[in-house]
Structure formats: C-alpha cells, structure tokens
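A.B. asks: model_12.pdb is the file, holding PDB, C-alpha atoms:
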MODEL        1
ATOM      1  CA  MET A   7      27.929  19.196  -2.077
ATOM      2  CA  THR A   8      29.622  18.681   1.218
ATOM      3  CA  SER A   9      32.812  16.939   0.257
ATOM      4  CA  LEU A  10      36.430  16.352   1.051
ATOM      5  CA  THR A  11      39.054  15.866  -1.662
ATOM      6  CA  LEU A  12      42.545  14.504  -1.128
ATOM      7  CA  VAL A  13      45.256  14.042  -3.774
ATOM      8  CA  ARG A  14      48.279  11.738  -3.615
ATOM      9  CA  ARG A  15      51.150  11.076  -6.020
ATOM     10  CA  ILE A  16      52.194   7.455  -5.891
ATOM     11  CA  ALA A  17      55.327   5.853  -7.358
ATOM     12  CA  ALA A  18      53.398   2.802  -8.499
ATOM     13  CA  ARG A  19      51.453   1.961 -11.659
ATOM     14  CA  PRO A  20      47.633   2.432 -11.569
ATOM     15  CA  SER A  21      46.926  -1.324 -11.679
ATOM     16  CA  ILE A  22      48.930  -1.876  -8.491
ATOM     17  CA  VAL A  23      47.153   1.026  -6.779
ATOM     18  CA  PHE A  24      43.771  -0.254  -7.938
ATOM     19  CA  ASP A  25      44.523  -3.713  -6.495
ATOM     20  CA  ALA A  26      45.634  -2.130  -3.215
ATOM     21  CA  LEU A  27      42.310  -0.282  -3.077
ATOM     22  CA  THR A  28      40.103  -3.262  -3.839
ATOM     23  CA  THR A  29      41.653  -6.542  -2.656
ATOM     24  CA  PRO A  30      41.157  -7.676   0.967
ATOM     25  CA  GLU A  31      44.906  -8.273   1.196
ATOM     26  CA  GLY A  32      45.601  -4.722   0.015
ATOM     27  CA  ILE A  33      42.966  -3.117   2.217
ATOM     28  CA  ALA A  34      44.385  -4.889   5.278
ATOM     29  CA  HIS A  35      47.576  -2.864   4.804
ATOM     30  CA  TRP A  36      46.189   0.643   4.853
ATOM     31  CA  TRP A  37      42.533   1.071   5.887
ATOM     32  CA  GLY A  38      41.930   3.142   9.024
ATOM     33  CA  PRO A  39      42.992   6.482  10.486
ATOM     34  CA  ASP A  40      45.908   5.144  12.535
ATOM     35  CA  ALA A  41      48.215   2.130  12.609
ATOM     36  CA  GLY A  42      45.645  -0.131  14.298
ATOM     37  CA  PRO A  43      44.902  -3.455  12.545
ATOM     38  CA  VAL A  44      42.248  -4.304   9.961
ATOM     39  CA  LEU A  45      40.253  -7.191  11.462
ATOM     40  CA  LEU A  46      38.099  -8.071   8.481
ATOM     41  CA  ALA A  47      38.031  -7.059   4.830
ATOM     42  CA  GLU A  48      35.569  -8.402   2.284
ATOM     43  CA  THR A  49      35.147  -7.106  -1.253
ATOM     44  CA  ASP A  50      32.979  -8.096  -4.178
ATOM     45  CA  VAL A  51      34.420  -5.770  -6.782
ATOM     46  CA  ARG A  52      31.730  -5.382  -9.414
ATOM     47  CA  VAL A  53      28.910  -2.897  -9.918
ATOM     48  CA  GLY A  54      26.299  -3.755  -7.287
ATOM     49  CA  GLY A  55      28.830  -5.789  -5.273
ATOM     50  CA  ARG A  56      29.555  -4.825  -1.681
ATOM     51  CA  PHE A  57      32.544  -4.288   0.599
ATOM     52  CA  LYS A  58      32.846  -4.500   4.353
ATOM     53  CA  VAL A  59      35.842  -3.504   6.456
ATOM     54  CA  ARG A  60      36.276  -3.770  10.194
ATOM     55  CA  PHE A  61      39.289  -2.237  11.952
ATOM     56  CA  ARG A  62      40.583  -1.549  15.427
ATOM     57  CA  MET A  63      42.120   1.788  16.315
ATOM     58  CA  LEU A  64      45.097   2.212  18.609
ATOM     59  CA  ASP A  65      42.736   3.402  21.360
ATOM     60  CA  GLY A  66      41.124  -0.062  21.276
ATOM     61  CA  THR A  67      37.802   0.952  19.707
ATOM     62  CA  GLU A  68      36.518  -1.106  16.774
ATOM     63  CA  HIS A  69      34.667   0.313  13.786
ATOM     64  CA  GLU A  70      33.049  -1.154  10.713
ATOM     65  CA  SER A  71      32.041   0.464   7.460
ATOM     66  CA  SER A  72      30.423  -1.004   4.394
ATOM     67  CA  GLY A  73      29.078   0.053   1.046
ATOM     68  CA  GLU A  74      28.219  -0.824  -2.504
ATOM     69  CA  TYR A  75      30.378  -0.437  -5.607
ATOM     70  CA  LEU A  76      28.645   1.910  -8.050
ATOM     71  CA  GLU A  77      31.363   2.147 -10.715
ATOM     72  CA  VAL A  78      34.216  -0.287 -11.221
ATOM     73  CA  ASN A  79      36.569   0.676 -14.014
ATOM     74  CA  PRO A  80      40.014  -0.832 -13.385
ATOM     75  CA  PRO A  81      42.562   0.576 -13.145
ATOM     76  CA  VAL A  82      41.335   4.167 -13.400
ATOM     77  CA  ARG A  83      38.085   4.717 -11.492
ATOM     78  CA  LEU A  84      36.176   3.384  -8.502
ATOM     79  CA  VAL A  85      32.950   4.773  -7.013
ATOM     80  CA  MET A  86      31.237   3.379  -3.946
ATOM     81  CA  THR A  87      28.713   4.236  -1.273
ATOM     82  CA  TRP A  88      29.844   4.425   2.334
ATOM     83  CA  ARG A  89      28.113   3.894   5.645
ATOM     84  CA  TRP A  90      29.284   3.265   9.209
ATOM     85  CA  LEU A  91      27.849   0.311  11.038
ATOM     86  CA  GLY A  92      26.052   1.218  14.244
ATOM     87  CA  ASN A  93      25.021   4.736  15.107
ATOM     88  CA  GLU A  94      28.408   6.247  15.786
ATOM     89  CA  ASP A  95      27.868   8.475  12.774
ATOM     90  CA  GLU A  96      24.753  10.450  12.025
ATOM     91  CA  ASP A  97      25.891  11.194   8.481
ATOM     92  CA  GLY A  98      23.882   8.420   6.870
ATOM     93  CA  GLU A  99      25.094   7.278   3.492
ATOM     94  CA  SER A 100      27.832   9.061   1.631
ATOM     95  CA  ARG A 101      29.775   8.465  -1.540
ATOM     96  CA  ILE A 102      33.427   7.885  -2.358
ATOM     97  CA  GLU A 103      34.967   8.530  -5.766
ATOM     98  CA  ILE A 104      38.517   7.540  -6.581
ATOM     99  CA  ASP A 105      40.234   8.449  -9.837
ATOM    100  CA  LEU A 106      43.647   7.079 -10.777
ATOM    101  CA  ARG A 107      45.520   8.968 -13.467
ATOM    102  CA  PRO A 108      48.700   7.520 -14.949
ATOM    103  CA  VAL A 109      51.473  10.094 -14.639
ATOM    104  CA  ASP A 110      55.185  10.018 -15.272
ATOM    105  CA  GLY A 111      56.641   7.659 -12.694
ATOM    106  CA  GLY A 112      53.340   6.349 -11.348
ATOM    107  CA  THR A 113      49.834   7.410 -10.461
ATOM    108  CA  GLU A 114      47.975  10.488  -9.332
ATOM    109  CA  LEU A 115      45.153   9.511  -7.008
ATOM    110  CA  VAL A 116      42.230  11.881  -6.484
ATOM    111  CA  PHE A 117      40.021  10.813  -3.612
ATOM    112  CA  THR A 118      36.668  12.462  -2.866
ATOM    113  CA  HIS A 119      34.329  11.667   0.004
ATOM    114  CA  ALA A 120      30.997  13.448  -0.389
ATOM    115  CA  LEU A 121      27.718  13.655   1.419
ATOM    116  CA  LEU A 122      24.844  13.073  -0.957
ATOM    117  CA  GLY A 123      23.615  16.564  -1.647
ATOM    118  CA  SER A 124      22.474  19.118  -4.121
ATOM    119  CA  GLU A 125      24.055  20.349  -7.330
ATOM    120  CA  GLU A 126      24.072  23.893  -5.984
ATOM    121  CA  SER A 127      26.475  23.141  -3.195
ATOM    122  CA  ARG A 128      28.664  20.965  -5.426
ATOM    123  CA  LYS A 129      29.489  24.159  -7.281
ATOM    124  CA  GLY A 130      30.500  25.642  -3.970
ATOM    125  CA  HIS A 131      33.175  23.057  -3.598
ATOM    126  CA  GLU A 132      34.490  23.651  -7.086
ATOM    127  CA  GLU A 133      34.715  27.353  -6.456
ATOM    128  CA  GLY A 134      36.689  26.634  -3.356
ATOM    129  CA  TRP A 135      35.229  27.597  -0.046
ATOM    130  CA  ASN A 136      37.997  25.782   1.744
ATOM    131  CA  GLY A 137      40.146  28.808   2.503
ATOM    132  CA  ALA A 138      37.172  30.827   3.667
ATOM    133  CA  LEU A 139      36.096  27.982   5.878
ATOM    134  CA  ASP A 140      39.493  27.744   7.516
ATOM    135  CA  LYS A 141      39.498  31.427   8.351
ATOM    136  CA  LEU A 142      35.959  31.572   9.599
ATOM    137  CA  GLU A 143      36.115  28.363  11.514
ATOM    138  CA  LYS A 144      38.396  29.611  14.260
ATOM    139  CA  TYR A 145      36.040  32.422  14.956
ATOM    140  CA  PHE A 146      32.965  30.215  14.921
ATOM    141  CA  LEU A 147      34.522  27.654  17.219
ATOM    142  CA  SER A 148      35.529  30.284  19.734
ATOM    143  CA  GLN A 149      32.025  31.747  19.568
ATOM    144  CA  ASP A 150      30.612  28.322  20.167
ATOM    145  CA  LYS A 151      32.596  27.988  23.356
ATOM    146  CA  ARG A 152      31.516  31.421  24.505
ATOM    147  CA  ASN A 153      27.866  30.581  23.918
ATOM    148  CA  ALA A 154      28.048  27.129  25.475
TER     149      ALA A 154
ATOM    150  CA  MET B  28      16.320  19.265   8.978
ATOM    151  CA  ASN B  29      18.609  16.225   9.184
ATOM    152  CA  TYR B  30      22.368  16.324   9.454
ATOM    153  CA  ASN B  31      23.107  15.839   5.732
ATOM    154  CA  ALA B  32      20.629  18.511   4.709
ATOM    155  CA  ARG B  33      21.943  20.951   7.315
ATOM    156  CA  LEU B  34      25.525  20.499   6.187
ATOM    157  CA  ASP B  35      24.508  20.777   2.588
ATOM    158  CA  ARG B  36      22.783  24.099   3.229
ATOM    159  CA  VAL B  37      25.907  25.436   4.916
ATOM    160  CA  PHE B  38      28.248  24.461   2.095
ATOM    161  CA  GLY B  39      25.676  25.650  -0.430
ATOM    162  CA  ALA B  40      25.522  29.048   1.247
ATOM    163  CA  LEU B  41      29.313  29.326   1.055
ATOM    164  CA  VAL B  42      29.257  29.022  -2.757
ATOM    165  CA  SER B  43      28.963  32.739  -3.207
ATOM    166  CA  PRO B  44      31.993  35.026  -2.694
ATOM    167  CA  ALA B  45      29.590  37.820  -1.705
ATOM    168  CA  ARG B  46      28.101  35.685   1.055
ATOM    169  CA  ARG B  47      31.556  34.679   2.225
ATOM    170  CA  ALA B  48      32.476  38.362   2.366
ATOM    171  CA  ILE B  49      29.393  39.080   4.478
ATOM    172  CA  LEU B  50      30.296  36.274   6.884
ATOM    173  CA  GLN B  51      33.878  37.460   7.051
ATOM    174  CA  ARG B  52      32.717  40.942   7.928
ATOM    175  CA  LEU B  53      30.325  39.650  10.564
ATOM    176  CA  ALA B  54      33.148  37.585  12.024
ATOM    177  CA  GLU B  55      35.113  40.802  12.501
ATOM    178  CA  THR B  56      32.334  42.956  13.877
ATOM    179  CA  ASP B  57      30.162  40.434  15.734
ATOM    180  CA  CYS B  58      26.988  42.307  14.824
ATOM    181  CA  ALA B  59      26.169  44.721  12.003
ATOM    182  CA  SER B  60      23.208  46.471  10.480
ATOM    183  CA  VAL B  61      22.129  45.521   6.973
ATOM    184  CA  THR B  62      23.166  48.961   5.728
ATOM    185  CA  GLU B  63      26.640  48.531   7.200
ATOM    186  CA  LEU B  64      26.960  45.181   5.442
ATOM    187  CA  ALA B  65      25.974  46.657   2.086
ATOM    188  CA  GLN B  66      28.517  49.499   2.153
ATOM    189  CA  PRO B  67      31.953  47.891   1.759
ATOM    190  CA  VAL B  68      30.920  45.236  -0.757
ATOM    191  CA  ALA B  69      29.295  47.792  -3.055
ATOM    192  CA  MET B  70      26.034  45.883  -3.213
ATOM    193  CA  THR B  71      22.503  47.151  -3.418
ATOM    194  CA  LEU B  72      20.370  46.697  -0.350
ATOM    195  CA  PRO B  73      18.029  44.202  -2.068
ATOM    196  CA  ALA B  74      21.041  42.133  -3.182
ATOM    197  CA  VAL B  75      22.363  42.031   0.367
ATOM    198  CA  MET B  76      18.923  41.076   1.676
ATOM    199  CA  LYS B  77      18.800  38.167  -0.768
ATOM    200  CA  HIS B  78      22.171  36.883   0.399
ATOM    201  CA  LEU B  79      21.079  37.250   4.002
ATOM    202  CA  ASP B  80      18.022  35.096   3.234
ATOM    203  CA  VAL B  81      20.278  32.293   2.023
ATOM    204  CA  LEU B  82      22.586  32.641   5.035
ATOM    205  CA  GLU B  83      19.605  32.602   7.357
ATOM    206  CA  GLN B  84      18.170  29.475   5.747
ATOM    207  CA  ALA B  85      21.524  27.793   6.371
ATOM    208  CA  ARG B  86      21.224  29.087   9.930
ATOM    209  CA  LEU B  87      24.592  30.800   9.635
ATOM    210  CA  ILE B  88      23.138  34.127  10.768
ATOM    211  CA  THR B  89      20.235  35.480  12.762
ATOM    212  CA  ARG B  90      18.426  38.738  12.114
ATOM    213  CA  ALA B  91      16.678  40.932  14.658
ATOM    214  CA  LYS B  92      15.032  44.307  14.357
ATOM    215  CA  THR B  93      15.826  47.053  16.845
ATOM    216  CA  GLY B  94      13.607  50.041  16.181
ATOM    217  CA  ARG B  95      13.870  50.596  12.419
ATOM    218  CA  THR B  96      17.248  48.974  12.051
ATOM    219  CA  MET B  97      17.785  45.333  11.143
ATOM    220  CA  PHE B  98      20.819  43.835  12.888
ATOM    221  CA  VAL B  99      22.611  40.702  11.723
ATOM    222  CA  ARG B 100      24.581  38.302  13.901
ATOM    223  CA  LEU B 101      26.630  35.192  13.205
ATOM    224  CA  SER B 102      25.301  31.906  14.435
ATOM    225  CA  PRO B 103      28.243  29.595  15.092
ATOM    226  CA  LYS B 104      26.863  26.058  15.360
ATOM    227  CA  PRO B 105      26.167  25.094  11.712
ATOM    228  CA  MET B 106      29.630  26.194  10.606
ATOM    229  CA  ALA B 107      31.264  24.326  13.466
ATOM    230  CA  GLU B 108      29.295  21.234  12.506
ATOM    231  CA  ALA B 109      30.391  21.481   8.869
ATOM    232  CA  ALA B 110      34.023  21.995   9.857
ATOM    233  CA  GLU B 111      33.819  19.024  12.186
ATOM    234  CA  TRP B 112      32.580  16.737   9.380
ATOM    235  CA  LEU B 113      35.474  17.788   7.171
ATOM    236  CA  HIS B 114      38.047  17.314   9.918
ATOM    237  CA  ARG B 115      36.795  13.905  10.929
ATOM    238  CA  TYR B 116      37.030  12.483   7.408
ATOM    239  CA  GLU B 117      40.212  14.299   6.588
ATOM    240  CA  GLN B 118      41.879  12.633   9.539
ATOM    241  CA  PHE B 119      40.478   9.238   8.618
ATOM    242  CA  TRP B 120      41.409   9.308   4.936
ATOM    243  CA  SER B 121      44.708  11.157   5.269
ATOM    244  CA  GLY B 122      46.090   8.447   7.506
ATOM    245  CA  SER B 123      44.644   5.712   5.320
ATOM    246  CA  LEU B 124      45.928   7.128   2.042
ATOM    247  CA  ASP B 125      49.422   7.698   3.414
ATOM    248  CA  ARG B 126      49.655   3.999   4.239
ATOM    249  CA  LEU B 127      48.084   3.075   0.889
ATOM    250  CA  VAL B 128      50.857   5.037  -0.859
ATOM    251  CA  ALA B 129      53.563   3.246   1.135
ATOM    252  CA  TYR B 130      52.021  -0.165   0.445
ATOM    253  CA  ALA B 131      51.523   0.393  -3.314
ATOM    254  CA  GLU B 132      55.072   1.709  -3.693
ATOM    255  CA  LYS B 133      56.452  -1.367  -1.967
ATOM    256  CA  LYS B 134      54.433  -3.584  -4.325
ATOM    257  CA  GLU B 135      55.725  -1.633  -7.314
ATOM    258  CA  ALA B 136      59.346  -2.001  -6.190
ATOM    259  CA  ARG B 137      58.811  -5.729  -5.741
ATOM    260  CA  ALA B 138      57.214  -6.080  -9.192
ATOM    261  CA  ARG B 139      60.177  -4.296 -10.760
ATOM    262  CA  LYS B 140      62.696  -6.464  -8.973
ATOM    263  CA  ALA B 141      60.889  -9.616 -10.091
ATOM    264  CA  LEU B 142      60.905  -8.366 -13.683
ATOM    265  CA  ALA B 143      64.612  -7.501 -13.508
ATOM    266  CA  ARG B 144      65.409 -11.001 -12.198
ATOM    267  CA  LYS B 145      63.452 -12.563 -15.064
ATOM    268  CA  ARG B 146      65.347 -10.455 -17.592
ATOM    269  CA  GLY B 147      68.726 -10.871 -15.940
TER     270      GLY B 147
ENDMDL
END
Show this structure as structure tokens.

C.D. replies:
Amino acid sequence: MTSLTLVRRIAARPSIVFDALTTPEGIAHWWGPDAGPVLLAETDVRVGGRFKVRFRMLDGTEHESSGEYLEVNPPVRLVMTWRWLGNEDEDGESRIEIDLRPVDGGTELVFTHALLGSEESRKGHEEGWNGALDKLEKYFLSQDKRNA
Amino acid sequence: MNYNARLDRVFGALVSPARRAILQRLAETDCASVTELAQPVAMTLPAVMKHLDVLEQARLITRAKTGRTMFVRLSPKPMAEAAEWLHRYEQFWSGSLDRLVAYAEKKEARARKALARKRG
C-alpha cells in the first residue's frame, strides 16, 4: 500500500493527545502544513460520524478536507477516511490511522496516511522501500527533466 | 489506470529487494541487456524476466529488442509521481503534527499545574 508513516513522542498523556486530535478546539491549534489559520473545524467523533476542516495557508490559498471516522477507540486509536474538497487532488479517498501508545512520560503517536490499495504493496511498506526510494528518486527526477 | 492504482503498482513493485536491485543497477547504467542484469544479482534468466514483467506492469521500465538482445531502460515518470505523493503528505502532516505536539504538551503542563494547585 502506498503510505506515509510519521512517529512523534509527546510529553502529554494519551487522553490529552486524543482530545487534541478530535475536538474542534484542538484541531484549530494544529491542522495544516504551515502556521496559517484553521477557518472551520467540525467533528462528530463516533464510528460513521464525519469531520470537516477548512484552513488557510500562509500563501493565502484555502483548502478543505473531510472524511468519516471508521474506528474511534479513545484514547488509543483513531481511523478515518480522508478526501480533499474540490479537484485539487486526484488521489481520491485515502485512509488515516492514528495509534497512541502510553509511554514513560507521555505518548508515542504513530500516524499513517495510506492510499487504499492492495495487500501486496502493503507488505512493500513493511519491508521498507523508503531508503531505496530516496536513492532512486534523485535519478528519476533528473531523468524526468531531461526527457521533458 | 487511475492515479491510486498507478501508485499502488509502483509501491507494489518495490516490495522485492531483487527488483530494487535491478532498478538501482539500471539507474547506474541507464540501459542494460537482460543478461547483464542477471549477472551481478546471481539470478536465473527466467527469474529476472519475471521481475522485469512486474516492473514493466508498474511502468517503471521499458523493454525493447535490438537484434537478438533485449534491452531494458528506466522509465522515470511513475517513480517521480510516487515520490511526489509521499513528499506532499509528508510536508502536510509533518507541520501539522509538530504543532499538535506543542499544543498537547501545553495542555498537559496546564493540567499538571491545576492538579498541583488543588493539592497544594
């Protein structure tokens, strides 16, 4: 499966992290790639409930994403679908999984954003193609330019 | 093939260390014959051909016959597309999660202070 995984260690208990992830007030503090403001955050945190978040980036562009909660298990696990509003993204629907593990002094957060895909390529991620991708990518990108 | 399916094929093709080795070698040489690809990885010719089928389905390589020799070339676009997907979301979520960490830690500090006041 095509996916991205990020891990963070947080000096806060899982319940506080879970609230930050799911409450509109919490989301308003962190959602978005840069320090631009969150304009709207709505959450209905139950299986089948939906979320919607609209934010403005520092370059002035506004973006909105929404999805449905598939698993809600406070304060340790949250799974939801993800889709951009409008056609700025050709990805279609993808899936976000967040696991919160209590650790000494706080929480370990494991965040995965995955395209919906086959089992075969999920294995690929587990076996770690990341390093290979990094190395190959430079070459491919330079080739791309040459061919363009 | 749509975008999701294309990306999925690419990442699926990269599962195998043998296929990654073939790509790596092609990245160094630009173009190689099937026999040349089989030599350093100590693989049988049929095994290499099978891997090349998977890479071709993911459109990571192209094959062309010159005389009796089959030559293999890298095809850059699908890999660039896959890398671009990863980068886009990495940027988005990295920034978001860094601020999430800062916010949650502030909330935790506040909760502890409130508890200390209650106790004190």

A.B. asks: Between B:Pro105, B:Pro73, B:Gly94, B:Pro67, which residue has the minimum interatomic distance to Arg36 (chain B), considering only C-alpha atoms?

C.D. replies: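 When distances to Arg36 (chain B) are compared using only C-alpha atoms, the smallest one comes from B:Pro105.
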
A.B. asks: Hey, could you make a per-residue contact list for region 40-146 of chain B against region 39-49 of chain A with 10 Å as the cut-off, showing the nearest pair of atoms and its distance in Å to one decimal, counting only C-alpha atoms, sorted by chain and number, as a tab-separated table?

C.D. replies:
residue	atom	partner	partner_atom	distance
B:Arg115	CA	A:Pro39	CA	9.7
B:Tyr116	CA	A:Pro39	CA	9.0
B:Glu117	CA	A:Pro39	CA	9.2
B:Gln118	CA	A:Pro39	CA	6.3
B:Phe119	CA	A:Pro39	CA	4.2
B:Trp120	CA	A:Pro39	CA	6.4
B:Ser121	CA	A:Pro39	CA	7.2
B:Gly122	CA	A:Pro39	CA	4.7
B:Ser123	CA	A:Pro39	CA	5.5
B:Leu124	CA	A:Pro39	CA	9.0
B:Asp125	CA	A:Pro39	CA	9.6
B:Arg126	CA	A:Ala41	CA	8.7

A.B. asks: Report as a PyMOL selection string the residues that result from applying the PyMOL selection byres ((chain B and resi 91) around 12) to the structure here.

C.D. replies: chain B and resi 58-61+83+88-90+92-101

A.B. asks: Report as number ranges by chain the set of chain B residues whose atoms approach chain A to within 9 Å, with distances computed over all atoms listed in the file.

C.D. replies: B: 29-32, 34-44, 47-48, 50-51, 54-55, 101-104, 106-107, 109-110, 112-113, 116-136

A.B. asks: Let me have the centre and edge lengths in Å, one decimal, of the box along x, y and z around every listed atom of region 38-43 of chain B with 3 Å of margin on each side, as JSON.

C.D. replies:
{"center_x": 27.4, "center_y": 28.6, "center_z": -0.6, "size_x": 9.8, "size_y": 14.3, "size_z": 11.3}

A.B. asks: What does the PyMOL selection byres ((chain A and resi 77-84) around 6) select in this file, as a short mmCIF file (atom, residue, chain, number, x, y, z; two decimals) with C-alpha atoms, keeping the file's coordinate frame?

C.D. replies:
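Output below, filename result-v2.cif:
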data_model
loop_
_atom_site.label_atom_id
_atom_site.label_comp_id
_atom_site.auth_asym_id
_atom_site.auth_seq_id
_atom_site.Cartn_x
_atom_site.Cartn_y
_atom_site.Cartn_z
CA PRO A 20 47.63 2.43 -11.57
CA SER A 21 46.93 -1.32 -11.68
CA PHE A 24 43.77 -0.25 -7.94
CA ARG A 52 31.73 -5.38 -9.41
CA VAL A 53 28.91 -2.90 -9.92
CA TYR A 75 30.38 -0.44 -5.61
CA LEU A 76 28.64 1.91 -8.05
CA VAL A 85 32.95 4.77 -7.01
CA GLU A 103 34.97 8.53 -5.77
CA ILE A 104 38.52 7.54 -6.58
CA ASP A 105 40.23 8.45 -9.84
CA LEU A 106 43.65 7.08 -10.78
#

A.B. asks: For Ala69 (chain B), which residue out of B:Ile49, B:Ala143, B:Ala138, B:Glu111 is the nearest one, using only C-alpha atoms?

C.D. replies: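 The closest residue to Ala69 (chain B) is B:Ile49.
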
A.B. asks: When you count all atoms listed in the file, which of these residues is closest to Leu82 (chain B): B:Ala65, B:Asp57, B:Glu108, B:Ala45?

C.D. replies: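 Among the listed residues, the smallest separation from Leu82 (chain B) belongs to B:Ala45.
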
A.B. asks: Do you have the CA of Trp90 (chain A)-CA of Phe61 (chain A) distance handy?

C.D. replies: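 Calculated distance between CA of Trp90 (chain A) and CA of Phe61 (chain A) is 11.7 Å.
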
A.B. asks: So how far away is CA of Thr67 (chain A) from CA of Glu31 (chain A), in Å?

C.D. replies: 21.9 Å

A.B. asks: So which one's closest to Lys77 (chain B), B:Arg146, B:Arg46, B:Arg33, B:Lys140? Using all atoms listed in the file, please.

C.D. replies: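 Checking each candidate against Lys77 (chain B), we get B:Arg46 as the closest.
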
A.B. asks: If I take CA of Arg101 (chain A) and CA of Thr87 (chain A), how far is one from the other in Å, to one decimal?

C.D. replies: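 Distance between the two atoms: 4.4 Å.
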
A.B. asks: Can you give me N, CA and C atoms for region 88-111 of chain B, written as a PDB file, keeping the file's coordinate frame?

C.D. replies:
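Output saved as out_27.pdb:
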ATOM      1  N   ILE B  88      23.339  32.814  10.151  1.00  0.00           N
ATOM      2  CA  ILE B  88      23.138  34.127  10.768  1.00  0.00           C
ATOM      3  C   ILE B  88      21.747  34.187  11.411  1.00  0.00           C
ATOM      4  N   THR B  89      21.582  35.161  12.276  1.00  0.00           N
ATOM      5  CA  THR B  89      20.235  35.480  12.762  1.00  0.00           C
ATOM      6  C   THR B  89      20.020  36.970  12.529  1.00  0.00           C
ATOM      7  N   ARG B  90      18.756  37.333  12.315  1.00  0.00           N
ATOM      8  CA  ARG B  90      18.426  38.738  12.114  1.00  0.00           C
ATOM      9  C   ARG B  90      17.446  39.181  13.195  1.00  0.00           C
ATOM     10  N   ALA B  91      17.610  40.413  13.653  1.00  0.00           N
ATOM     11  CA  ALA B  91      16.678  40.932  14.658  1.00  0.00           C
ATOM     12  C   ALA B  91      16.512  42.432  14.440  1.00  0.00           C
ATOM     13  N   LYS B  92      15.310  42.891  14.585  1.00  0.00           N
ATOM     14  CA  LYS B  92      15.032  44.307  14.357  1.00  0.00           C
ATOM     15  C   LYS B  92      15.083  45.062  15.686  1.00  0.00           C
ATOM     16  N   THR B  93      15.834  46.171  15.688  1.00  0.00           N
ATOM     17  CA  THR B  93      15.826  47.053  16.845  1.00  0.00           C
ATOM     18  C   THR B  93      15.364  48.411  16.336  1.00  0.00           C
ATOM     19  N   GLY B  94      14.175  48.817  16.730  1.00  0.00           N
ATOM     20  CA  GLY B  94      13.607  50.041  16.181  1.00  0.00           C
ATOM     21  C   GLY B  94      13.403  49.855  14.684  1.00  0.00           C
ATOM     22  N   ARG B  95      14.030  50.721  13.868  1.00  0.00           N
ATOM     23  CA  ARG B  95      13.870  50.596  12.419  1.00  0.00           C
ATOM     24  C   ARG B  95      15.083  49.923  11.793  1.00  0.00           C
ATOM     25  N   THR B  96      16.025  49.549  12.605  1.00  0.00           N
ATOM     26  CA  THR B  96      17.248  48.974  12.051  1.00  0.00           C
ATOM     27  C   THR B  96      17.273  47.452  12.207  1.00  0.00           C
ATOM     28  N   MET B  97      17.658  46.777  11.118  1.00  0.00           N
ATOM     29  CA  MET B  97      17.785  45.333  11.143  1.00  0.00           C
ATOM     30  C   MET B  97      19.247  44.979  11.450  1.00  0.00           C
ATOM     31  N   PHE B  98      19.461  44.249  12.537  1.00  0.00           N
ATOM     32  CA  PHE B  98      20.819  43.835  12.888  1.00  0.00           C
ATOM     33  C   PHE B  98      21.035  42.355  12.575  1.00  0.00           C
ATOM     34  N   VAL B  99      22.259  42.067  12.136  1.00  0.00           N
ATOM     35  CA  VAL B  99      22.611  40.702  11.723  1.00  0.00           C
ATOM     36  C   VAL B  99      23.718  40.181  12.620  1.00  0.00           C
ATOM     37  N   ARG B 100      23.588  38.936  13.045  1.00  0.00           N
ATOM     38  CA  ARG B 100      24.581  38.302  13.901  1.00  0.00           C
ATOM     39  C   ARG B 100      24.970  36.943  13.341  1.00  0.00           C
ATOM     40  N   LEU B 101      26.206  36.544  13.579  1.00  0.00           N
ATOM     41  CA  LEU B 101      26.630  35.192  13.205  1.00  0.00           C
ATOM     42  C   LEU B 101      26.023  34.172  14.158  1.00  0.00           C
ATOM     43  N   SER B 102      25.770  33.011  13.620  1.00  0.00           N
ATOM     44  CA  SER B 102      25.301  31.906  14.435  1.00  0.00           C
ATOM     45  C   SER B 102      26.314  30.756  14.244  1.00  0.00           C
ATOM     46  N   PRO B 103      27.043  30.415  15.283  1.00  0.00           N
ATOM     47  CA  PRO B 103      28.243  29.595  15.092  1.00  0.00           C
ATOM     48  C   PRO B 103      28.028  28.096  14.856  1.00  0.00           C
ATOM     49  N   LYS B 104      26.986  27.523  15.335  1.00  0.00           N
ATOM     50  CA  LYS B 104      26.863  26.058  15.360  1.00  0.00           C
ATOM     51  C   LYS B 104      26.925  25.368  13.992  1.00  0.00           C
ATOM     52  N   PRO B 105      26.150  25.814  12.995  1.00  0.00           N
ATOM     53  CA  PRO B 105      26.167  25.094  11.712  1.00  0.00           C
ATOM     54  C   PRO B 105      27.556  25.053  11.077  1.00  0.00           C
ATOM     55  N   MET B 106      28.291  26.164  11.188  1.00  0.00           N
ATOM     56  CA  MET B 106      29.630  26.194  10.606  1.00  0.00           C
ATOM     57  C   MET B 106      30.558  25.246  11.353  1.00  0.00           C
ATOM     58  N   ALA B 107      30.431  25.223  12.664  1.00  0.00           N
ATOM     59  CA  ALA B 107      31.264  24.326  13.466  1.00  0.00           C
ATOM     60  C   ALA B 107      30.967  22.869  13.095  1.00  0.00           C
ATOM     61  N   GLU B 108      29.700  22.584  12.861  1.00  0.00           N
ATOM     62  CA  GLU B 108      29.295  21.234  12.506  1.00  0.00           C
ATOM     63  C   GLU B 108      29.894  20.820  11.148  1.00  0.00           C
ATOM     64  N   ALA B 109      29.840  21.751  10.195  1.00  0.00           N
ATOM     65  CA  ALA B 109      30.391  21.481   8.869  1.00  0.00           C
ATOM     66  C   ALA B 109      31.905  21.264   8.938  1.00  0.00           C
ATOM     67  N   ALA B 110      32.571  22.111   9.715  1.00  0.00           N
ATOM     68  CA  ALA B 110      34.023  21.995   9.857  1.00  0.00           C
ATOM     69  C   ALA B 110      34.392  20.670  10.520  1.00  0.00           C
ATOM     70  N   GLU B 111      33.560  20.265  11.455  1.00  0.00           N
ATOM     71  CA  GLU B 111      33.819  19.024  12.186  1.00  0.00           C
ATOM     72  C   GLU B 111      33.701  17.828  11.253  1.00  0.00           C
TER      73      GLU B 111
END
